[in-house]
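Undergrad: This is the structure, below, for whatever I ask next.
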Amino acid sequence: MFEDDQPRPLLEVRGITKQFAGVQALKGVDLQVLPGEVHCVMGQNGAGKSTLIKTLSGVHQPDSGEIRWEGKEISLAGPTSALDLGIATMYQELDVVDGLSVAENIFLGHERSSGGVLQVKKTNALARALLKRLGHGDLPPSTEVGTLSAANKQIVSMARALSRDTKMIIMDEPSAILDSGEVANLFRVVRELTAQGIAVVYISHRLEEIRQIGDRISVIKDGRSTANGLSVTDTPREQLIRLMTGRDVENVFPVRTPIPVDAPVVLEVEDLELDGHFERVNFTVRAGEILGFAGLVGSKRSEILETIYGARKASAGKVRVNGKPLRAGSVNSAVNAGIGLSPEERKSQGLILDEPIFKNVTLSTFERFARGGYLNERAERDAARGQITALELRPADPDRPARTLSGGNQQKILLARWLVHGTPVLLLDEPTRGVDVGARAEIYALIRKLAADGTAIIVVSSEIEEVLGLADKVLVIDDGKVLTQTNASDIDEHGVLDLVMKGSAA
Amino acid sequence: MSEQKTKAAEPRTDATDEPSSHKSNPVRSALRGSSGRNLGLIIALALLIVVGGVTSGDRFLNVENMLTILRYASIIGVVSIGVTFVITAGGIDLSVGSVIGLTTVVASLTSVQLAATQSSWILMVIVALAVGAGAGLINGVLIAYGNVVAFIATLAMLVGARGLAELISGRSTQIVSNRDFLQVMRSELLGIPILIWIFVIVAAAGWFLLNRTTFGRRTIAIGGNLEASRLAGIKVKRHLVYLYVLAGLTSGIGGVMFLGRTTAGTSTHGLLLELDVIAAVVVGGTLLIGGRGTIMGTVLGVLIFSTLVNVFTQNNLDTSIQALARGLILVGAVLLQQRFAARGPRRMKS
């Protein structure tokens, strides 16, 4: 049945569908995973990747279609039956228990014990062996997991998968929480796994990553497979983007609009310091200008932003908006002066997930719609509807809970919040985290348009390419120090990295 | 306030880019949403009334007895409204019962009563409200600005306020002798005692405040996500203080009602009342982790418990059995809510 050079597929998914409360999340998805390959699954947010993962890990049961495992048709009644077959899933929100040790986490749910008494020594030894298989024999099994970095927690999660005689590991955007050095390490581990014959289903929308790690690619769009098992090396980037979004994305970054010479300085930051984090930060942002912070994870970019916003209290220095100084450590003073922040962690810092879109949009302004403390929800809804239309927010229903929206649309809620507020200064921390390629271009265009309308904007991103592509001016930051300040067009990614490397060497 | 921060952020981390999985079950969809939840409570209340009617007949089903139930419900009810706000914002107030005791003691002090006779009975009310609000202010400042966990801060107030009440009163009961005050508290309007009217007014005002005002919006927003609210420019700390003051204020009102009903002030007034209050709020459907609060639910929760007490009393059943039944109802109601809650069952991570 199969050609000689084609091994028998480990997993075959054919035409599975899944419906939730009237929403068709999967409309027919196919997937074929071979043993020992890295199979990338791509798709925009909302394409159905999460539902697919949960179907394969037994959390959801498909409405129709078939799943074959090692040639036999199976039905996954629950997460345990998937684990029993050898399918492990590494979710984005890592399911490790912070209070337990590395070894205890690895054997969570199938503890090594004799007569109910835990065998600590044996557990630690087994854990050490598993970690060694992943090239991390140096990670002490007795360390408390809570003290580990996100990258090492991932390793623990993978070791747990290995501890169960796993044949396939599904990784849901594993690189999302890692910096570039850690990603390289993750790739090493993934290669260790595949070398041992384990298949890895790698969910991501970072094209560059997929190029580096993937063997084959499948693409989902709107709950349907648009491509199956394409070879990574033979498929051009443009084709992948087209398969994911249904359209061509050529110029991801919008054209810079020249800033008028007489554009006033809106935001001034002078000798800003936060003890133990950063020192002597100086810059100004003019109306219509986008300033980018470029630097690696740990460069304290977000801390600078949060200090400007008053969410952290500066130990020295001044922040002025339109010449007026802000009170240090007061978010309220910043908001009143006209600064808006779109925080790094959208879900935990930005949104009230169970509240409707419109209440999230007016979270900073609902008082304006009220008279004598009496809320005017109709006016709020109208204001939100206006932004929904302007930003093409989907679904265009102001009463939908924020939780049900994709990352890109959740980001738009935050932009809408400050648009309604009408702030002259916007601080955007990782505005495209968790936002897929197609929606990214949209977010970029929105940010550029806001600048063109006269907003002073600071963009922070862990993707240097994004900062350079979007910003007019760039601060290169490393370890709480500003290394240089330059026009974005005068520096490239290599230039930034060079500076950072030199900075940390010095 | 880091504990509150993480509490606000963490409990809801399941999937985002897909709707939660609801089976389209008619019972489920009918019981989903706030009106649906209230419907469930109304059904429970109706069942209790039927049980009361069947077991006690006319002794239960008469206007006088219904008023008795409502009068019993009124004090717990008023305080529950205040506590609903605190819990909706993700906080907790364990001190309300003790604060009631303290307010009755202070408001019935000989000196206060003397001053009230010389001026107006209102003075006693004002003193009670001021003491309640003051206790709430201490709670709120400790929690919001002192970063003391709400559970601990109000636990300390629970113990401390009771102790202070005992100290002030010398553990003796002070009789309320102000005739005007007693007359007002004993008065009726349209055949309904004033205590019940107070409950109705506080509940209506609470409903309006929570659902129709910026104060209510702030409360729900803070409970839904404290950090996001703070970063959106809401004065979270100040608002938390207001919320505990509000709870203290309703305790003060409760104290006034106790003084009226019992014609005496004593440090044991309101003993363990906080448990009834929290039980009623939770049964009503307000989420203990914050972000969702319902005044209607709280009112129904209070009525369910007070009807239950009445049914048990009418049937001469032991108070121990009563306590057991209340415990079971509390657990049962929460289990049902989890099953039918708008967000779907809180899935366990496997």
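Lettering and numbering for the structure tokens are positional, with chains as A, B, ... in the shown order, residues counted from 1 in each chain, and ligands counted from 1 in the shown order.
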Per residue of chain A within 8 Å of chain B, note the shortest atom pair and the distance in Å to one decimal, counting only C-alpha atoms, and order the rows by chain and increasing residue number, as JSON lines.
TA:
{"residue": "A:Phe20", "atom": "CA", "partner": "B:Ser21", "partner_atom": "CA", "distance": 5.4}
{"residue": "A:Ala21", "atom": "CA", "partner": "B:His22", "partner_atom": "CA", "distance": 5.8}
{"residue": "A:Val23", "atom": "CA", "partner": "B:Pro19", "partner_atom": "CA", "distance": 7.5}
{"residue": "A:Ala25", "atom": "CA", "partner": "B:Glu18", "partner_atom": "CA", "distance": 7.0}
{"residue": "A:Asn45", "atom": "CA", "partner": "B:Asp17", "partner_atom": "CA", "distance": 6.6}
{"residue": "A:Gly46", "atom": "CA", "partner": "B:Asp17", "partner_atom": "CA", "distance": 5.1}
{"residue": "A:Gly48", "atom": "CA", "partner": "B:Glu18", "partner_atom": "CA", "distance": 7.6}
{"residue": "A:Ser50", "atom": "CA", "partner": "B:Asp17", "partner_atom": "CA", "distance": 7.2}
{"residue": "A:Thr51", "atom": "CA", "partner": "B:Glu18", "partner_atom": "CA", "distance": 7.1}
{"residue": "A:Pro79", "atom": "CA", "partner": "B:Ser350", "partner_atom": "CA", "distance": 6.9}
{"residue": "A:Glu93", "atom": "CA", "partner": "B:Thr13", "partner_atom": "CA", "distance": 8.0}
{"residue": "A:Ala311", "atom": "CA", "partner": "B:Leu231", "partner_atom": "CA", "distance": 7.2}
{"residue": "A:Val331", "atom": "CA", "partner": "B:Gly233", "partner_atom": "CA", "distance": 6.0}
{"residue": "A:Asn332", "atom": "CA", "partner": "B:Gly233", "partner_atom": "CA", "distance": 5.1}
{"residue": "A:Val335", "atom": "CA", "partner": "B:Gly233", "partner_atom": "CA", "distance": 5.9}
{"residue": "A:Gly340", "atom": "CA", "partner": "B:Ala232", "partner_atom": "CA", "distance": 7.8}
{"residue": "A:Leu341", "atom": "CA", "partner": "B:Leu231", "partner_atom": "CA", "distance": 7.3}
{"residue": "A:Lys347", "atom": "CA", "partner": "B:Ala9", "partner_atom": "CA", "distance": 7.7}
{"residue": "A:Ser348", "atom": "CA", "partner": "B:Ala9", "partner_atom": "CA", "distance": 4.8}
{"residue": "A:Gln349", "atom": "CA", "partner": "B:Ala228", "partner_atom": "CA", "distance": 4.3}
{"residue": "A:Gly350", "atom": "CA", "partner": "B:Ala228", "partner_atom": "CA", "distance": 4.5}
{"residue": "A:Leu351", "atom": "CA", "partner": "B:Ala228", "partner_atom": "CA", "distance": 5.9}
{"residue": "A:Ile352", "atom": "CA", "partner": "B:Asn225", "partner_atom": "CA", "distance": 5.4}
{"residue": "A:Leu353", "atom": "CA", "partner": "B:Gly224", "partner_atom": "CA", "distance": 7.6}
{"residue": "A:Asp354", "atom": "CA", "partner": "B:Gly224", "partner_atom": "CA", "distance": 7.4}
{"residue": "A:Glu355", "atom": "CA", "partner": "B:Gly224", "partner_atom": "CA", "distance": 7.8}
{"residue": "A:Leu363", "atom": "CA", "partner": "B:Ala232", "partner_atom": "CA", "distance": 6.3}
{"residue": "A:Ser364", "atom": "CA", "partner": "B:Ala232", "partner_atom": "CA", "distance": 5.0}
{"residue": "A:Phe366", "atom": "CA", "partner": "B:Thr214", "partner_atom": "CA", "distance": 7.1}
{"residue": "A:Glu367", "atom": "CA", "partner": "B:Thr214", "partner_atom": "CA", "distance": 6.1}
{"residue": "A:Ala370", "atom": "CA", "partner": "B:Thr214", "partner_atom": "CA", "distance": 7.0}
{"residue": "A:Gly373", "atom": "CA", "partner": "B:Thr213", "partner_atom": "CA", "distance": 5.1}
{"residue": "A:Tyr374", "atom": "CA", "partner": "B:Thr213", "partner_atom": "CA", "distance": 4.4}
{"residue": "A:Leu375", "atom": "CA", "partner": "B:Thr213", "partner_atom": "CA", "distance": 4.9}
{"residue": "A:Arg403", "atom": "CA", "partner": "B:Thr16", "partner_atom": "CA", "distance": 5.5}
{"residue": "A:Thr404", "atom": "CA", "partner": "B:Thr16", "partner_atom": "CA", "distance": 5.5}
{"residue": "A:Leu405", "atom": "CA", "partner": "B:Asp17", "partner_atom": "CA", "distance": 5.9}
{"residue": "A:Ser406", "atom": "CA", "partner": "B:Asp17", "partner_atom": "CA", "distance": 5.1}
{"residue": "A:Gly407", "atom": "CA", "partner": "B:Asp17", "partner_atom": "CA", "distance": 7.7}
Undergrad: Residues as selected, C-alpha atoms, written as a PDB file, in the first residue's frame, can you do that?
TA:
ATOM      1  CA  PHE A  20     -19.235  23.837  19.622  1.00  0.00           C
ATOM      2  CA  ALA A  21     -22.513  25.491  20.509  1.00  0.00           C
ATOM      3  CA  VAL A  23     -19.745  27.227  15.886  1.00  0.00           C
ATOM      4  CA  ALA A  25     -14.528  24.800  14.745  1.00  0.00           C
ATOM      5  CA  ASN A  45      -5.505  32.047  15.346  1.00  0.00           C
ATOM      6  CA  GLY A  46      -8.995  30.742  15.174  1.00  0.00           C
ATOM      7  CA  GLY A  48      -8.849  25.455  14.594  1.00  0.00           C
ATOM      8  CA  SER A  50      -6.307  24.374  19.380  1.00  0.00           C
ATOM      9  CA  THR A  51      -9.366  22.292  18.684  1.00  0.00           C
ATOM     10  CA  PRO A  79      -6.750  12.452  27.856  1.00  0.00           C
ATOM     11  CA  GLU A  93       0.387  27.036  29.459  1.00  0.00           C
ATOM     12  CA  ALA A 311       2.909  50.742  36.992  1.00  0.00           C
ATOM     13  CA  VAL A 331      -0.838  54.846  36.664  1.00  0.00           C
ATOM     14  CA  ASN A 332      -3.623  57.286  37.160  1.00  0.00           C
ATOM     15  CA  VAL A 335      -3.629  57.849  32.113  1.00  0.00           C
ATOM     16  CA  GLY A 340      -2.264  54.376  27.197  1.00  0.00           C
ATOM     17  CA  LEU A 341      -0.600  51.013  27.702  1.00  0.00           C
ATOM     18  CA  LYS A 347      -5.011  38.067  29.036  1.00  0.00           C
ATOM     19  CA  SER A 348      -3.783  38.620  32.548  1.00  0.00           C
ATOM     20  CA  GLN A 349      -2.978  42.332  32.374  1.00  0.00           C
ATOM     21  CA  GLY A 350      -5.176  43.691  29.652  1.00  0.00           C
ATOM     22  CA  LEU A 351      -8.555  42.066  29.420  1.00  0.00           C
ATOM     23  CA  ILE A 352     -11.416  40.993  31.582  1.00  0.00           C
ATOM     24  CA  LEU A 353     -11.922  37.827  29.639  1.00  0.00           C
ATOM     25  CA  ASP A 354     -15.463  37.025  30.696  1.00  0.00           C
ATOM     26  CA  GLU A 355     -16.781  40.508  30.120  1.00  0.00           C
ATOM     27  CA  LEU A 363     -12.610  49.962  30.653  1.00  0.00           C
ATOM     28  CA  SER A 364     -10.636  53.210  30.801  1.00  0.00           C
ATOM     29  CA  PHE A 366     -16.794  54.140  31.042  1.00  0.00           C
ATOM     30  CA  GLU A 367     -16.997  57.042  33.439  1.00  0.00           C
ATOM     31  CA  ALA A 370     -21.918  57.916  32.675  1.00  0.00           C
ATOM     32  CA  GLY A 373     -22.393  57.775  38.161  1.00  0.00           C
ATOM     33  CA  TYR A 374     -25.234  56.297  36.135  1.00  0.00           C
ATOM     34  CA  LEU A 375     -23.832  54.154  33.331  1.00  0.00           C
ATOM     35  CA  ARG A 403     -12.369  35.280  25.893  1.00  0.00           C
ATOM     36  CA  THR A 404     -13.853  33.975  22.662  1.00  0.00           C
ATOM     37  CA  LEU A 405     -11.743  36.213  20.418  1.00  0.00           C
ATOM     38  CA  SER A 406      -8.498  35.362  18.687  1.00  0.00           C
ATOM     39  CA  GLY A 407      -5.235  36.945  19.810  1.00  0.00           C
TER      40      GLY A 407
END
Undergrad: With only C-alpha atoms as the counted atoms, please give the residues lying no more than 12 Å from stretch 63-77 of chain A, apart from itself and same-chain residues fewer than 6 positions off, as a PyMOL selection string.
TA: chain A and resi 1-2+7-20+24-35+52+54-57+83-87+167-168
Undergrad: How far is it from atom CA of B:Ser320 to atom CA of B:Ser306, in Å with one decimal?
TA: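 Separating atom CA of B:Ser320 from atom CA of B:Ser306 is a distance of 15.5 Å.
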Undergrad: Pick out each residue of stretch 156-337 of chain A that DSSP on the backbone tags as strand (DSSP E); I need them as a tab-separated table (two decimals) with C-alpha atoms, in the first residue's frame.
TA:
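Output file result_33.tsv is given in full below:
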chain	number	residue	atom	x	y	z
A	168	MET	CA	4.22	11.33	19.49
A	169	ILE	CA	4.46	14.67	21.24
A	170	ILE	CA	2.20	17.54	20.30
A	171	MET	CA	3.81	20.88	21.10
A	172	ASP	CA	1.52	23.87	21.11
A	199	ALA	CA	7.15	12.07	16.11
A	200	VAL	CA	6.73	15.71	17.00
A	201	VAL	CA	3.68	17.67	15.94
A	202	TYR	CA	4.88	21.23	16.13
A	203	ILE	CA	2.25	23.94	16.20
A	216	ARG	CA	6.76	18.58	6.64
A	217	ILE	CA	3.98	21.10	6.99
A	218	SER	CA	0.22	20.93	7.12
A	219	VAL	CA	-1.85	24.07	7.01
A	220	ILE	CA	-5.31	24.68	8.41
A	221	LYS	CA	-7.48	27.60	7.51
A	224	ARG	CA	-10.23	23.03	7.00
A	225	SER	CA	-6.99	21.55	5.77
A	226	THR	CA	-5.55	23.64	2.97
A	227	ALA	CA	-2.32	21.73	2.62
A	228	ASN	CA	-1.08	18.38	3.80
A	229	GLY	CA	2.41	17.15	4.35
A	230	LEU	CA	4.20	19.72	2.20
A	231	SER	CA	7.92	19.42	2.30
A	265	VAL	CA	7.57	66.50	21.32
A	266	VAL	CA	4.80	64.73	23.22
A	267	LEU	CA	6.64	62.36	25.50
A	268	GLU	CA	9.90	63.18	27.23
A	269	VAL	CA	11.77	60.70	29.35
A	270	GLU	CA	14.68	62.10	31.26
A	271	ASP	CA	17.25	60.12	33.25
A	272	LEU	CA	14.62	57.56	34.16
A	273	GLU	CA	15.89	54.88	36.52
A	274	LEU	CA	14.50	51.89	38.32
A	278	PHE	CA	17.60	50.01	34.30
A	279	GLU	CA	19.44	53.32	34.53
A	280	ARG	CA	19.65	56.68	32.82
A	281	VAL	CA	17.08	56.21	30.08
A	282	ASN	CA	16.64	59.34	27.96
A	283	PHE	CA	14.54	59.87	24.89
A	284	THR	CA	11.75	61.89	23.39
A	285	VAL	CA	8.90	60.89	21.13
A	286	ARG	CA	7.24	63.38	18.83
A	290	ILE	CA	6.96	55.45	16.45
A	291	LEU	CA	9.85	54.64	18.75
A	292	GLY	CA	10.90	51.02	19.02
A	293	PHE	CA	12.75	49.27	21.84
A	294	ALA	CA	15.00	46.58	20.43
A	316	ALA	CA	14.88	58.59	39.68
A	317	GLY	CA	14.16	60.67	36.62
A	318	LYS	CA	11.21	62.36	35.02
A	319	VAL	CA	8.52	61.54	32.51
A	320	ARG	CA	6.74	64.46	30.86
A	321	VAL	CA	3.73	64.45	28.60
A	324	LYS	CA	3.85	68.32	32.18
A	325	PRO	CA	5.67	65.99	34.57
Undergrad: When you count only C-alpha atoms, which of these residues is closest to B:Phe151: B:Gly90, B:Gly252, B:Gly134, B:Gly53?
TA: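 When distances to B:Phe151 are compared using only C-alpha atoms, the smallest one comes from B:Gly90.
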Undergrad: Can you pull out every residue within 9 Å of A:Ile447, counting only C-alpha atoms, but drop anything in the same chain fewer than 3 positions away, and send it as a list in words?
TA: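 The residues that qualify are Ile290, Leu415, Glu442, Ile443, Tyr444, Leu450, Ala451, Ala452, Ile457 and Leu470 of chain A.
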Undergrad: Write out the residues from the selection above, keeping C-alpha atoms, as a PDB file, in the first residue's frame.
TA:
ATOM      1  CA  ILE A 290       6.962  55.446  16.450  1.00  0.00           C
ATOM      2  CA  LEU A 415      -6.075  49.452  20.789  1.00  0.00           C
ATOM      3  CA  GLU A 442      -3.317  44.426   9.979  1.00  0.00           C
ATOM      4  CA  ILE A 443      -2.083  45.366  13.445  1.00  0.00           C
ATOM      5  CA  TYR A 444       1.018  46.980  11.951  1.00  0.00           C
ATOM      6  CA  LEU A 450      -2.488  55.838  14.654  1.00  0.00           C
ATOM      7  CA  ALA A 451       0.922  57.455  14.320  1.00  0.00           C
ATOM      8  CA  ALA A 452      -0.098  59.186  11.119  1.00  0.00           C
ATOM      9  CA  ILE A 457       3.915  55.531  20.004  1.00  0.00           C
ATOM     10  CA  LEU A 470       7.587  49.261  12.311  1.00  0.00           C
TER      11      LEU A 470
END
Undergrad: Write down as a ChimeraX atom specification the residues belonging to stretch 139-338 of chain B that are assigned helix (DSSP H, G or I) by DSSP computed on the backbone.
TA: /B:139-144,150-169,179-186,194-212,214-224,226-231,236-262,273-284,295-314,319-338
